[in-house]
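Visitor: Below is the file data.tsv, with TSV, N, CA and C atoms.
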```tsv
chain	number	residue	atom	x	y	z
O	143	MET	N	14.27	55.47	68.51
O	143	MET	CA	13.78	54.76	67.36
O	143	MET	C	12.39	55.26	66.96
O	144	TRP	N	11.54	55.50	67.97
O	144	TRP	CA	10.19	55.97	67.69
O	144	TRP	C	10.23	57.31	66.96
O	145	VAL	N	11.13	58.17	67.38
O	145	VAL	CA	11.25	59.49	66.76
O	145	VAL	C	11.64	59.33	65.29
O	146	TYR	N	12.57	58.44	65.00
O	146	TYR	CA	12.98	58.22	63.61
O	146	TYR	C	11.81	57.70	62.77
O	147	ALA	N	11.05	56.78	63.32
O	147	ALA	CA	9.89	56.25	62.59
O	147	ALA	C	8.87	57.35	62.32
O	148	GLN	N	8.69	58.25	63.29
O	148	GLN	CA	7.76	59.36	63.09
O	148	GLN	C	8.28	60.33	62.03
O	149	GLN	N	9.59	60.54	62.00
O	149	GLN	CA	10.17	61.40	60.98
O	149	GLN	C	9.93	60.83	59.59
O	150	VAL	N	10.13	59.53	59.45
O	150	VAL	CA	9.90	58.88	58.15
O	150	VAL	C	8.43	58.97	57.77
O	151	ALA	N	7.54	58.72	58.72
O	151	ALA	CA	6.10	58.77	58.44
O	151	ALA	C	5.65	60.17	58.01
O	152	ALA	N	6.34	61.20	58.47
O	152	ALA	CA	5.97	62.57	58.13
O	152	ALA	C	6.48	63.00	56.75
O	153	MET	N	7.36	62.21	56.16
O	153	MET	CA	7.93	62.55	54.85
O	153	MET	C	6.94	62.27	53.73
O	154	ALA	N	7.21	62.86	52.59
O	154	ALA	CA	6.42	62.57	51.40
O	154	ALA	C	6.61	61.09	51.06
O	155	PRO	N	5.58	60.43	50.53
O	155	PRO	CA	5.67	58.99	50.26
O	155	PRO	C	6.90	58.57	49.45
O	156	GLU	N	7.30	59.36	48.49
O	156	GLU	CA	8.46	58.99	47.66
O	156	GLU	C	9.78	59.10	48.42
O	157	GLN	N	9.80	59.82	49.54
O	157	GLN	CA	11.00	59.97	50.34
O	157	GLN	C	11.09	58.94	51.47
O	158	GLN	N	9.97	58.35	51.84
O	158	GLN	CA	9.93	57.44	52.98
O	158	GLN	C	10.82	56.22	52.79
O	159	GLY	N	10.73	55.56	51.64
O	159	GLY	CA	11.51	54.35	51.39
O	159	GLY	C	13.01	54.56	51.51
O	160	PRO	N	13.57	55.50	50.72
O	160	PRO	CA	15.01	55.74	50.81
O	160	PRO	C	15.47	56.15	52.22
O	161	ALA	N	14.67	56.97	52.90
O	161	ALA	CA	15.03	57.39	54.26
O	161	ALA	C	15.00	56.20	55.21
O	162	ALA	N	13.99	55.34	55.07
O	162	ALA	CA	13.88	54.17	55.94
O	162	ALA	C	15.04	53.20	55.70
O	163	ILE	N	15.42	53.01	54.45
O	163	ILE	CA	16.56	52.14	54.13
O	163	ILE	C	17.83	52.68	54.79
O	164	GLN	N	18.05	53.99	54.65
O	164	GLN	CA	19.23	54.60	55.25
O	164	GLN	C	19.23	54.46	56.77
O	165	MET	N	18.07	54.66	57.40
O	165	MET	CA	17.98	54.53	58.85
O	165	MET	C	18.20	53.09	59.30
O	166	CYS	N	17.67	52.13	58.55
O	166	CYS	CA	17.88	50.72	58.88
O	166	CYS	C	19.38	50.38	58.83
O	167	GLN	N	20.05	50.91	57.82
O	167	GLN	CA	21.48	50.66	57.70
O	167	GLN	C	22.25	51.27	58.86
O	168	GLN	N	21.92	52.51	59.20
O	168	GLN	CA	22.65	53.23	60.25
O	168	GLN	C	22.29	52.73	61.65
O	169	LEU	N	21.02	52.50	61.91
O	169	LEU	CA	20.57	52.20	63.27
O	169	LEU	C	20.51	50.72	63.60
O	170	MET	N	20.23	49.90	62.58
O	170	MET	CA	20.05	48.48	62.85
O	170	MET	C	21.13	47.61	62.19
O	171	GLY	N	21.97	48.24	61.38
O	171	GLY	CA	23.05	47.50	60.73
O	171	GLY	C	22.57	46.50	59.70
O	172	SER	N	21.40	46.74	59.12
O	172	SER	CA	20.88	45.82	58.11
O	172	SER	C	20.41	46.60	56.89
O	173	THR	N	20.39	45.91	55.75
O	173	THR	CA	19.92	46.52	54.51
O	173	THR	C	18.70	45.73	54.04
O	174	PRO	N	17.51	46.28	54.22
O	174	PRO	CA	16.29	45.60	53.79
O	174	PRO	C	16.27	45.44	52.27
O	175	GLY	N	15.51	44.45	51.82
O	175	GLY	CA	15.43	44.16	50.39
O	175	GLY	C	14.64	45.17	49.59
O	176	SER	N	13.76	45.90	50.24
O	176	SER	CA	12.94	46.89	49.53
O	176	SER	C	12.61	48.05	50.46
O	177	ALA	N	12.09	49.11	49.87
O	177	ALA	CA	11.69	50.27	50.65
O	177	ALA	C	10.57	49.91	51.62
O	178	GLU	N	9.64	49.08	51.15
O	178	GLU	CA	8.51	48.67	52.00
O	178	GLU	C	9.00	47.87	53.21
O	179	GLU	N	9.97	46.98	52.97
O	179	GLU	CA	10.53	46.20	54.07
O	179	GLU	C	11.24	47.12	55.07
O	180	ALA	N	11.91	48.13	54.57
O	180	ALA	CA	12.63	49.06	55.43
O	180	ALA	C	11.65	49.85	56.31
O	181	VAL	N	10.58	50.34	55.71
O	181	VAL	CA	9.57	51.10	56.46
O	181	VAL	C	8.95	50.18	57.52
O	182	ALA	N	8.60	48.95	57.13
O	182	ALA	CA	8.00	48.01	58.08
O	182	ALA	C	8.97	47.67	59.21
O	183	ALA	N	10.24	47.46	58.88
O	183	ALA	CA	11.24	47.13	59.92
O	183	ALA	C	11.41	48.29	60.88
O	184	LEU	N	11.44	49.50	60.36
O	184	LEU	CA	11.59	50.68	61.20
O	184	LEU	C	10.38	50.84	62.11
O	185	GLN	N	9.19	50.63	61.57
O	185	GLN	CA	7.97	50.72	62.38
O	185	GLN	C	7.94	49.64	63.46
O	186	GLN	N	8.38	48.43	63.12
O	186	GLN	CA	8.40	47.35	64.11
O	186	GLN	C	9.38	47.66	65.23
O	187	MET	N	10.57	48.13	64.88
O	187	MET	CA	11.56	48.46	65.91
O	187	MET	C	11.05	49.61	66.79
O	188	ALA	N	10.39	50.58	66.19
O	188	ALA	CA	9.84	51.70	66.96
O	188	ALA	C	8.77	51.21	67.92
O	189	SER	N	7.92	50.33	67.45
O	189	SER	CA	6.87	49.78	68.30
O	189	SER	C	7.46	49.00	69.47
O	190	GLN	N	8.49	48.20	69.20
O	190	GLN	CA	9.14	47.44	70.26
O	190	GLN	C	9.81	48.36	71.27
O	191	ALA	N	10.47	49.41	70.77
O	191	ALA	CA	11.15	50.35	71.67
O	191	ALA	C	10.14	51.06	72.56
O	192	LEU	N	9.03	51.49	71.98
O	192	LEU	CA	8.01	52.18	72.76
O	192	LEU	C	7.39	51.23	73.79
O	193	SER	N	7.22	49.98	73.42
O	193	SER	CA	6.68	49.00	74.34
O	193	SER	C	7.62	48.78	75.52
O	194	VAL	N	8.90	48.65	75.26
O	194	VAL	CA	9.88	48.47	76.34
O	194	VAL	C	9.90	49.69	77.25
O	195	LEU	N	9.86	50.87	76.64
O	195	LEU	CA	9.85	52.09	77.45
O	195	LEU	C	8.62	52.15	78.35
O	196	SER	N	7.47	51.84	77.80
O	196	SER	CA	6.25	51.97	78.58
O	196	SER	C	6.11	50.88	79.64
O	197	ARG	N	6.64	49.69	79.38
O	197	ARG	CA	6.52	48.59	80.34
O	197	ARG	C	7.60	48.60	81.40
O	198	GLU	N	8.80	49.02	81.03
O	198	GLU	CA	9.94	48.87	81.94
O	198	GLU	C	10.55	50.20	82.37
O	199	SER	N	11.09	50.91	81.44
O	199	SER	CA	11.87	52.11	81.78
O	199	SER	C	11.02	53.24	82.34
O	200	PHE	N	9.89	53.53	81.72
O	200	PHE	CA	9.07	54.65	82.17
O	200	PHE	C	8.55	54.45	83.59
O	201	PRO	N	7.98	53.28	83.92
O	201	PRO	CA	7.51	53.11	85.31
O	201	PRO	C	8.63	53.25	86.34
O	202	ARG	N	9.82	52.76	86.02
O	202	ARG	CA	10.95	52.90	86.96
O	202	ARG	C	11.32	54.38	87.09
O	203	PHE	N	11.31	55.10	85.98
O	203	PHE	CA	11.66	56.52	86.01
O	203	PHE	C	10.66	57.31	86.85
O	204	VAL	N	9.37	57.05	86.65
O	204	VAL	CA	8.34	57.80	87.38
O	204	VAL	C	8.49	57.60	88.88
O	205	GLN	N	8.97	56.45	89.31
O	205	GLN	CA	9.15	56.18	90.73
O	205	GLN	C	10.50	56.67	91.26
O	206	SER	N	11.35	57.15	90.37
O	206	SER	CA	12.69	57.56	90.79
O	206	SER	C	12.69	59.00	91.32
O	207	LYS	N	13.78	59.35	91.99
O	207	LYS	CA	13.96	60.70	92.50
O	207	LYS	C	14.23	61.70	91.38
O	208	ALA	N	14.58	61.21	90.19
O	208	ALA	CA	14.91	62.10	89.07
O	208	ALA	C	13.67	62.63	88.36
O	209	CYS	N	12.53	62.02	88.57
O	209	CYS	CA	11.34	62.39	87.81
O	209	CYS	C	10.85	63.81	88.11
O	210	LEU	N	10.62	64.11	89.37
O	210	LEU	CA	10.05	65.42	89.71
O	210	LEU	C	10.92	66.58	89.24
O	211	PRO	N	12.25	66.55	89.46
O	211	PRO	CA	13.06	67.67	88.94
O	211	PRO	C	12.96	67.82	87.42
O	212	LEU	N	12.84	66.71	86.70
O	212	LEU	CA	12.71	66.80	85.25
O	212	LEU	C	11.38	67.41	84.86
O	213	VAL	N	10.31	66.99	85.53
O	213	VAL	CA	9.00	67.58	85.25
O	213	VAL	C	9.03	69.07	85.54
O	214	GLU	N	9.65	69.44	86.66
O	214	GLU	CA	9.76	70.86	87.00
O	214	GLU	C	10.57	71.61	85.96
O	215	GLN	N	11.62	70.98	85.44
O	215	GLN	CA	12.43	71.62	84.40
O	215	GLN	C	11.62	71.77	83.11
O	216	LEU	N	10.82	70.77	82.78
O	216	LEU	CA	10.03	70.83	81.56
O	216	LEU	C	8.98	71.92	81.60
O	217	ILE	N	8.37	72.13	82.76
O	217	ILE	CA	7.35	73.17	82.85
O	217	ILE	C	7.96	74.54	83.09
O	218	GLY	N	9.18	74.59	83.56
O	218	GLY	CA	9.94	75.83	83.69
O	218	GLY	C	9.19	76.97	84.32
O	219	SER	N	9.16	78.10	83.62
O	219	SER	CA	8.56	79.31	84.16
O	219	SER	C	7.05	79.21	84.28
O	220	GLN	N	6.45	78.17	83.72
O	220	GLN	CA	5.01	78.00	83.79
O	220	GLN	C	4.59	77.32	85.09
O	221	ALA	N	5.51	77.06	85.98
O	221	ALA	CA	5.22	76.29	87.19
O	221	ALA	C	4.02	76.82	87.96
O	222	GLU	N	3.94	78.12	88.13
O	222	GLU	CA	2.81	78.67	88.88
O	222	GLU	C	1.49	78.45	88.16
O	223	GLU	N	1.51	78.59	86.82
O	223	GLU	CA	0.30	78.40	86.04
O	223	GLU	C	-0.15	76.95	86.04
O	224	LEU	N	0.79	76.01	86.16
O	224	LEU	CA	0.47	74.60	86.05
O	224	LEU	C	0.26	73.93	87.41
O	225	LYS	N	0.15	74.71	88.45
O	225	LYS	CA	-0.06	74.12	89.77
O	225	LYS	C	-1.29	73.20	89.75
O	226	LYS	N	-2.34	73.63	89.09
O	226	LYS	CA	-3.55	72.82	88.99
O	226	LYS	C	-3.79	72.49	87.53
O	227	ALA	N	-3.97	71.21	87.25
O	227	ALA	CA	-4.26	70.76	85.89
O	227	ALA	C	-5.65	70.14	85.88
O	228	ASP	N	-6.60	70.85	86.45
O	228	ASP	CA	-7.95	70.33	86.59
O	228	ASP	C	-8.60	69.99	85.26
O	229	ASP	N	-8.17	70.64	84.19
O	229	ASP	CA	-8.77	70.38	82.89
O	229	ASP	C	-8.38	69.01	82.32
O	230	VAL	N	-7.35	68.37	82.86
O	230	VAL	CA	-6.93	67.06	82.36
O	230	VAL	C	-7.10	65.95	83.39
O	231	ILE	N	-7.56	66.28	84.57
O	231	ILE	CA	-7.77	65.28	85.63
O	231	ILE	C	-9.27	65.11	85.83
O	232	TRP	N	-9.69	63.87	86.01
O	232	TRP	CA	-11.10	63.53	86.19
O	232	TRP	C	-11.74	64.46	87.21
O	233	SER	N	-12.82	65.09	86.83
O	233	SER	CA	-13.45	66.10	87.69
O	233	SER	C	-14.04	65.54	88.97
O	234	GLN	N	-14.35	64.25	89.03
O	234	GLN	CA	-14.92	63.63	90.23
O	234	GLN	C	-13.86	63.16	91.21
O	235	TYR	N	-12.59	63.37	90.86
O	235	TYR	CA	-11.49	62.88	91.68
O	235	TYR	C	-10.88	64.02	92.50
O	236	THR	N	-10.59	63.74	93.75
O	236	THR	CA	-9.91	64.71	94.61
O	236	THR	C	-8.46	64.27	94.73
O	237	VAL	N	-7.55	65.08	94.22
O	237	VAL	CA	-6.13	64.75	94.27
O	237	VAL	C	-5.64	64.88	95.71
O	238	PRO	N	-4.99	63.83	96.23
O	238	PRO	CA	-4.48	63.91	97.61
O	238	PRO	C	-3.44	65.03	97.73
O	239	PRO	N	-3.51	65.81	98.80
O	239	PRO	CA	-2.61	66.96	98.96
O	239	PRO	C	-1.12	66.58	98.98
O	240	ASP	N	-0.79	65.39	99.48
O	240	ASP	CA	0.63	65.03	99.60
O	240	ASP	C	1.30	64.77	98.25
O	241	CYS	N	0.52	64.59	97.19
O	241	CYS	CA	1.13	64.35	95.88
O	241	CYS	C	0.54	65.26	94.81
O	242	ALA	N	-0.24	66.26	95.21
O	242	ALA	CA	-0.92	67.12	94.25
O	242	ALA	C	0.03	67.85	93.31
O	243	GLY	N	1.12	68.39	93.83
O	243	GLY	CA	2.06	69.12	92.98
O	243	GLY	C	2.64	68.24	91.90
O	244	TRP	N	3.06	67.03	92.29
O	244	TRP	CA	3.63	66.10	91.32
O	244	TRP	C	2.59	65.69	90.29
O	245	ILE	N	1.40	65.34	90.75
O	245	ILE	CA	0.37	64.86	89.82
O	245	ILE	C	-0.03	65.94	88.83
O	246	HIS	N	-0.27	67.15	89.30
O	246	HIS	CA	-0.67	68.23	88.39
O	246	HIS	C	0.45	68.57	87.41
O	247	SER	N	1.68	68.62	87.89
O	247	SER	CA	2.81	68.92	87.01
O	247	SER	C	3.01	67.81	85.99
O	248	PHE	N	2.99	66.57	86.46
O	248	PHE	CA	3.21	65.44	85.56
O	248	PHE	C	2.09	65.35	84.53
O	249	ALA	N	0.84	65.51	84.95
O	249	ALA	CA	-0.28	65.43	84.03
O	249	ALA	C	-0.19	66.52	82.96
O	250	SER	N	0.25	67.70	83.34
O	250	SER	CA	0.40	68.80	82.38
O	250	SER	C	1.43	68.46	81.32
O	251	VAL	N	2.52	67.82	81.72
O	251	VAL	CA	3.58	67.46	80.78
O	251	VAL	C	3.20	66.21	79.99
O	252	ALA	N	2.60	65.23	80.65
O	252	ALA	CA	2.30	63.94	80.01
O	252	ALA	C	1.14	64.02	79.03
O	253	ARG	N	0.37	65.05	79.11
O	253	ARG	CA	-0.81	65.19	78.25
O	253	ARG	C	-0.49	64.95	76.78
O	254	ALA	N	0.60	65.51	76.29
O	254	ALA	CA	0.92	65.44	74.86
O	254	ALA	C	2.01	64.43	74.53
O	255	MET	N	2.43	63.61	75.47
O	255	MET	CA	3.48	62.63	75.18
O	255	MET	C	2.97	61.58	74.20
O	256	PRO	N	3.88	61.04	73.39
O	256	PRO	CA	3.47	60.08	72.35
O	256	PRO	C	3.19	58.67	72.86
O	257	ALA	N	3.39	58.40	74.12
O	257	ALA	CA	3.09	57.09	74.69
O	257	ALA	C	1.77	57.18	75.46
O	258	CYS	N	1.05	56.08	75.54
O	258	CYS	CA	-0.18	56.04	76.32
O	258	CYS	C	0.18	56.12	77.80
O	259	ILE	N	-0.39	57.10	78.50
O	259	ILE	CA	-0.10	57.28	79.91
O	259	ILE	C	-1.41	57.36	80.68
O	260	VAL	N	-1.47	56.57	81.74
O	260	VAL	CA	-2.65	56.53	82.61
O	260	VAL	C	-2.16	56.65	84.05
O	261	ILE	N	-2.85	57.43	84.85
O	261	ILE	CA	-2.56	57.47	86.29
O	261	ILE	C	-3.84	57.03	86.99
O	262	SER	N	-3.69	56.06	87.89
O	262	SER	CA	-4.85	55.59	88.65
O	262	SER	C	-4.51	55.64	90.13
O	263	ASP	N	-5.57	55.61	90.94
O	263	ASP	CA	-5.40	55.65	92.38
O	263	ASP	C	-5.56	54.24	92.93
O	264	MET	N	-4.44	53.61	93.26
O	264	MET	CA	-4.44	52.24	93.74
O	264	MET	C	-5.03	52.13	95.16
O	265	ALA	N	-5.19	53.25	95.83
O	265	ALA	CA	-5.73	53.23	97.19
O	265	ALA	C	-7.26	53.20	97.20
O	266	MET	N	-7.87	53.42	96.04
O	266	MET	CA	-9.34	53.43	95.95
O	266	MET	C	-9.85	52.13	95.35
O	267	PRO	N	-11.00	51.66	95.80
O	267	PRO	CA	-11.58	50.44	95.21
O	267	PRO	C	-11.77	50.61	93.70
O	268	GLY	N	-11.36	49.61	92.97
O	268	GLY	CA	-11.49	49.65	91.52
O	268	GLY	C	-10.36	50.35	90.81
O	269	ASN	N	-9.42	50.93	91.55
O	269	ASN	CA	-8.28	51.64	90.97
O	269	ASN	C	-8.70	52.60	89.85
O	270	PRO	N	-9.53	53.58	90.15
O	270	PRO	CA	-10.04	54.45	89.07
O	270	PRO	C	-8.92	55.24	88.38
O	271	MET	N	-9.06	55.34	87.07
O	271	MET	CA	-8.13	56.16	86.30
O	271	MET	C	-8.59	57.61	86.43
O	272	PHE	N	-7.72	58.47	86.92
O	272	PHE	CA	-8.12	59.87	87.04
O	272	PHE	C	-7.39	60.76	86.04
O	273	PHE	N	-6.43	60.17	85.31
O	273	PHE	CA	-5.78	60.90	84.24
O	273	PHE	C	-5.44	59.92	83.11
O	274	VAL	N	-5.79	60.30	81.90
O	274	VAL	CA	-5.35	59.59	80.70
O	274	VAL	C	-4.91	60.68	79.72
O	275	ASN	N	-3.83	60.41	79.00
O	275	ASN	CA	-3.36	61.45	78.08
O	275	ASN	C	-4.01	61.31	76.70
O	276	ASP	N	-3.70	62.25	75.83
O	276	ASP	CA	-4.30	62.30	74.51
O	276	ASP	C	-4.02	61.04	73.70
O	277	GLU	N	-2.79	60.51	73.80
O	277	GLU	CA	-2.44	59.31	73.04
O	277	GLU	C	-3.24	58.10	73.51
O	278	PHE	N	-3.48	57.99	74.80
O	278	PHE	CA	-4.31	56.90	75.32
O	278	PHE	C	-5.71	57.00	74.74
O	279	CYS	N	-6.26	58.19	74.69
O	279	CYS	CA	-7.59	58.40	74.13
O	279	CYS	C	-7.62	58.05	72.63
O	280	ARG	N	-6.57	58.41	71.92
O	280	ARG	CA	-6.50	58.12	70.49
O	280	ARG	C	-6.43	56.62	70.24
O	281	VAL	N	-5.61	55.92	71.01
O	281	VAL	CA	-5.39	54.49	70.80
O	281	VAL	C	-6.59	53.66	71.24
O	282	THR	N	-7.21	54.05	72.32
O	282	THR	CA	-8.34	53.26	72.84
O	282	THR	C	-9.63	53.85	72.33
```
If you took the structure in this file and wrote it as structure tokens, what would it be?
Guide:
Amino acid sequence: MWVYAQQVAAMAPEQQGPAAIQMCQQLMGSTPGSAEEAVAALQQMASQALSVLSRESFPRFVQSKACLPLVEQLIGSQAEELKKADDVIWSQYTVPPDCAGWIHSFASVARAMPACIVISDMAMPGNPMFFVNDEFCRVT
């Protein structure tokens, strides 16, 4: 849903309304009364979908066994180059060796994701954030 809302937002203003109406009909089974209502409904559904993903699905995925292979697949042949992502991890933080590969790989991939992503160290007092992605910086 978020992708569809972004596609509509990227269109010329005169194309947004008709495209949003069509998407509401196809994806939500409803016909809004106006183009503005369609754009607003699409944006609301996208916001709700992103919220559910970030609160529920994404945290479960990150803790699953499927996460690391996907991150490795996403970085592909760049794996050796992305071993260290020091440019996106807080410079005062020392990444624990037992999870360094996962953290550097994940941070490299998560940097440009459209959802706000933060990684903190729960083992340290204050739970310092040692990685925040670009979207988190933009939103906050």
Visitor: Closest to O:His246 among O:Glu198, O:Ala227, O:Asp276, O:Ala208, using only N, CA and C atoms?
Guide: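 Using only N, CA and C atoms, O:His246 sits closest to O:Ala227.
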Visitor: Give me the residues near stretch 159-161 of chain O as a PDB file with N, CA and C atoms, keeping the file's coordinate frame, where near means some atom within 7 Å (using all atoms listed in the file) and where sequence neighbours in that chain fewer than 4 positions away do not count.
Guide:
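selection.pdb, written as the output of this step:
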```
ATOM      1  N   VAL O 150      10.130  59.530  59.450  1.00  0.00           N
ATOM      2  CA  VAL O 150       9.900  58.880  58.150  1.00  0.00           C
ATOM      3  C   VAL O 150       8.430  58.970  57.770  1.00  0.00           C
ATOM      4  N   ALA O 154       7.210  62.860  52.590  1.00  0.00           N
ATOM      5  CA  ALA O 154       6.420  62.570  51.400  1.00  0.00           C
ATOM      6  C   ALA O 154       6.610  61.090  51.060  1.00  0.00           C
ATOM      7  N   PRO O 155       5.580  60.430  50.530  1.00  0.00           N
ATOM      8  CA  PRO O 155       5.670  58.990  50.260  1.00  0.00           C
ATOM      9  C   PRO O 155       6.900  58.570  49.450  1.00  0.00           C
ATOM     10  N   MET O 165      18.070  54.660  57.400  1.00  0.00           N
ATOM     11  CA  MET O 165      17.980  54.530  58.850  1.00  0.00           C
ATOM     12  C   MET O 165      18.200  53.090  59.300  1.00  0.00           C
ATOM     13  N   CYS O 166      17.670  52.130  58.550  1.00  0.00           N
ATOM     14  CA  CYS O 166      17.880  50.720  58.880  1.00  0.00           C
ATOM     15  C   CYS O 166      19.380  50.380  58.830  1.00  0.00           C
ATOM     16  N   SER O 176      13.760  45.900  50.240  1.00  0.00           N
ATOM     17  CA  SER O 176      12.940  46.890  49.530  1.00  0.00           C
ATOM     18  C   SER O 176      12.610  48.050  50.460  1.00  0.00           C
ATOM     19  N   ALA O 177      12.090  49.110  49.870  1.00  0.00           N
ATOM     20  CA  ALA O 177      11.690  50.270  50.650  1.00  0.00           C
ATOM     21  C   ALA O 177      10.570  49.910  51.620  1.00  0.00           C
ATOM     22  N   GLU O 178       9.640  49.080  51.150  1.00  0.00           N
ATOM     23  CA  GLU O 178       8.510  48.670  52.000  1.00  0.00           C
ATOM     24  C   GLU O 178       9.000  47.870  53.210  1.00  0.00           C
ATOM     25  N   ALA O 180      11.910  48.130  54.570  1.00  0.00           N
ATOM     26  CA  ALA O 180      12.630  49.060  55.430  1.00  0.00           C
ATOM     27  C   ALA O 180      11.650  49.850  56.310  1.00  0.00           C
ATOM     28  N   VAL O 181      10.580  50.340  55.710  1.00  0.00           N
ATOM     29  CA  VAL O 181       9.570  51.100  56.460  1.00  0.00           C
ATOM     30  C   VAL O 181       8.950  50.180  57.520  1.00  0.00           C
TER      31      VAL O 181
END
```
Visitor: May I ask which of the residues O:Ala265, O:Val237, O:Ala147, O:Ala252 is the closest one to O:Gln185, counting all atoms listed in the file?
Guide: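 Among O:Ala265, O:Val237, O:Ala147, O:Ala252, it is O:Ala147 that comes nearest to O:Gln185.
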Visitor: Would you give me, as a list in words, the residues in chain O that DSSP reads as strand (DSSP E or B)?
Guide: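 The residues of chain O classed as strand (DSSP E or B) are Val260, Ile261, Ser262, Met271, Phe272, Phe273 and Val274 of chain O.
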Visitor: For the alpha helix (DSSP H) assignment from backbone DSSP, which residues of stretch 175-262 of chain O qualify? Please present them as a ChimeraX atom specification.
Guide: /O:177-194,200-204,209-217,242-252
Visitor: Quick one, how far is atom C of O:Glu277 from atom C of O:Val204?
Guide: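 Atom-to-atom, atom C of O:Glu277 and atom C of O:Val204 are spaced 19.3 Å apart.
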Visitor: Just want the 8 Å neighbourhood of O:Phe272, counted on only N, CA and C atoms, with same-chain residues fewer than 3 positions away dropped. Output as a ChimeraX atom specification.
Guide: /O:230-235,260-263,269,275
Visitor: Could you turn the residues from that selection into a file that holds N, CA and C atoms, as a PDB file, in the coordinates of the input?
Guide:
```
ATOM      1  N   VAL O 230      -7.350  68.370  82.860  1.00  0.00           N
ATOM      2  CA  VAL O 230      -6.930  67.060  82.360  1.00  0.00           C
ATOM      3  C   VAL O 230      -7.100  65.950  83.390  1.00  0.00           C
ATOM      4  N   ILE O 231      -7.560  66.280  84.570  1.00  0.00           N
ATOM      5  CA  ILE O 231      -7.770  65.280  85.630  1.00  0.00           C
ATOM      6  C   ILE O 231      -9.270  65.110  85.830  1.00  0.00           C
ATOM      7  N   TRP O 232      -9.690  63.870  86.010  1.00  0.00           N
ATOM      8  CA  TRP O 232     -11.100  63.530  86.190  1.00  0.00           C
ATOM      9  C   TRP O 232     -11.740  64.460  87.210  1.00  0.00           C
ATOM     10  N   SER O 233     -12.820  65.090  86.830  1.00  0.00           N
ATOM     11  CA  SER O 233     -13.450  66.100  87.690  1.00  0.00           C
ATOM     12  C   SER O 233     -14.040  65.540  88.970  1.00  0.00           C
ATOM     13  N   GLN O 234     -14.350  64.250  89.030  1.00  0.00           N
ATOM     14  CA  GLN O 234     -14.920  63.630  90.230  1.00  0.00           C
ATOM     15  C   GLN O 234     -13.860  63.160  91.210  1.00  0.00           C
ATOM     16  N   TYR O 235     -12.590  63.370  90.860  1.00  0.00           N
ATOM     17  CA  TYR O 235     -11.490  62.880  91.680  1.00  0.00           C
ATOM     18  C   TYR O 235     -10.880  64.020  92.500  1.00  0.00           C
ATOM     19  N   VAL O 260      -1.470  56.570  81.740  1.00  0.00           N
ATOM     20  CA  VAL O 260      -2.650  56.530  82.610  1.00  0.00           C
ATOM     21  C   VAL O 260      -2.160  56.650  84.050  1.00  0.00           C
ATOM     22  N   ILE O 261      -2.850  57.430  84.850  1.00  0.00           N
ATOM     23  CA  ILE O 261      -2.560  57.470  86.290  1.00  0.00           C
ATOM     24  C   ILE O 261      -3.840  57.030  86.990  1.00  0.00           C
ATOM     25  N   SER O 262      -3.690  56.060  87.890  1.00  0.00           N
ATOM     26  CA  SER O 262      -4.850  55.590  88.650  1.00  0.00           C
ATOM     27  C   SER O 262      -4.510  55.640  90.130  1.00  0.00           C
ATOM     28  N   ASP O 263      -5.570  55.610  90.940  1.00  0.00           N
ATOM     29  CA  ASP O 263      -5.400  55.650  92.380  1.00  0.00           C
ATOM     30  C   ASP O 263      -5.560  54.240  92.930  1.00  0.00           C
ATOM     31  N   ASN O 269      -9.420  50.930  91.550  1.00  0.00           N
ATOM     32  CA  ASN O 269      -8.280  51.640  90.970  1.00  0.00           C
ATOM     33  C   ASN O 269      -8.700  52.600  89.850  1.00  0.00           C
ATOM     34  N   ASN O 275      -3.830  60.410  79.000  1.00  0.00           N
ATOM     35  CA  ASN O 275      -3.360  61.450  78.080  1.00  0.00           C
ATOM     36  C   ASN O 275      -4.010  61.310  76.700  1.00  0.00           C
TER      37      ASN O 275
END
```
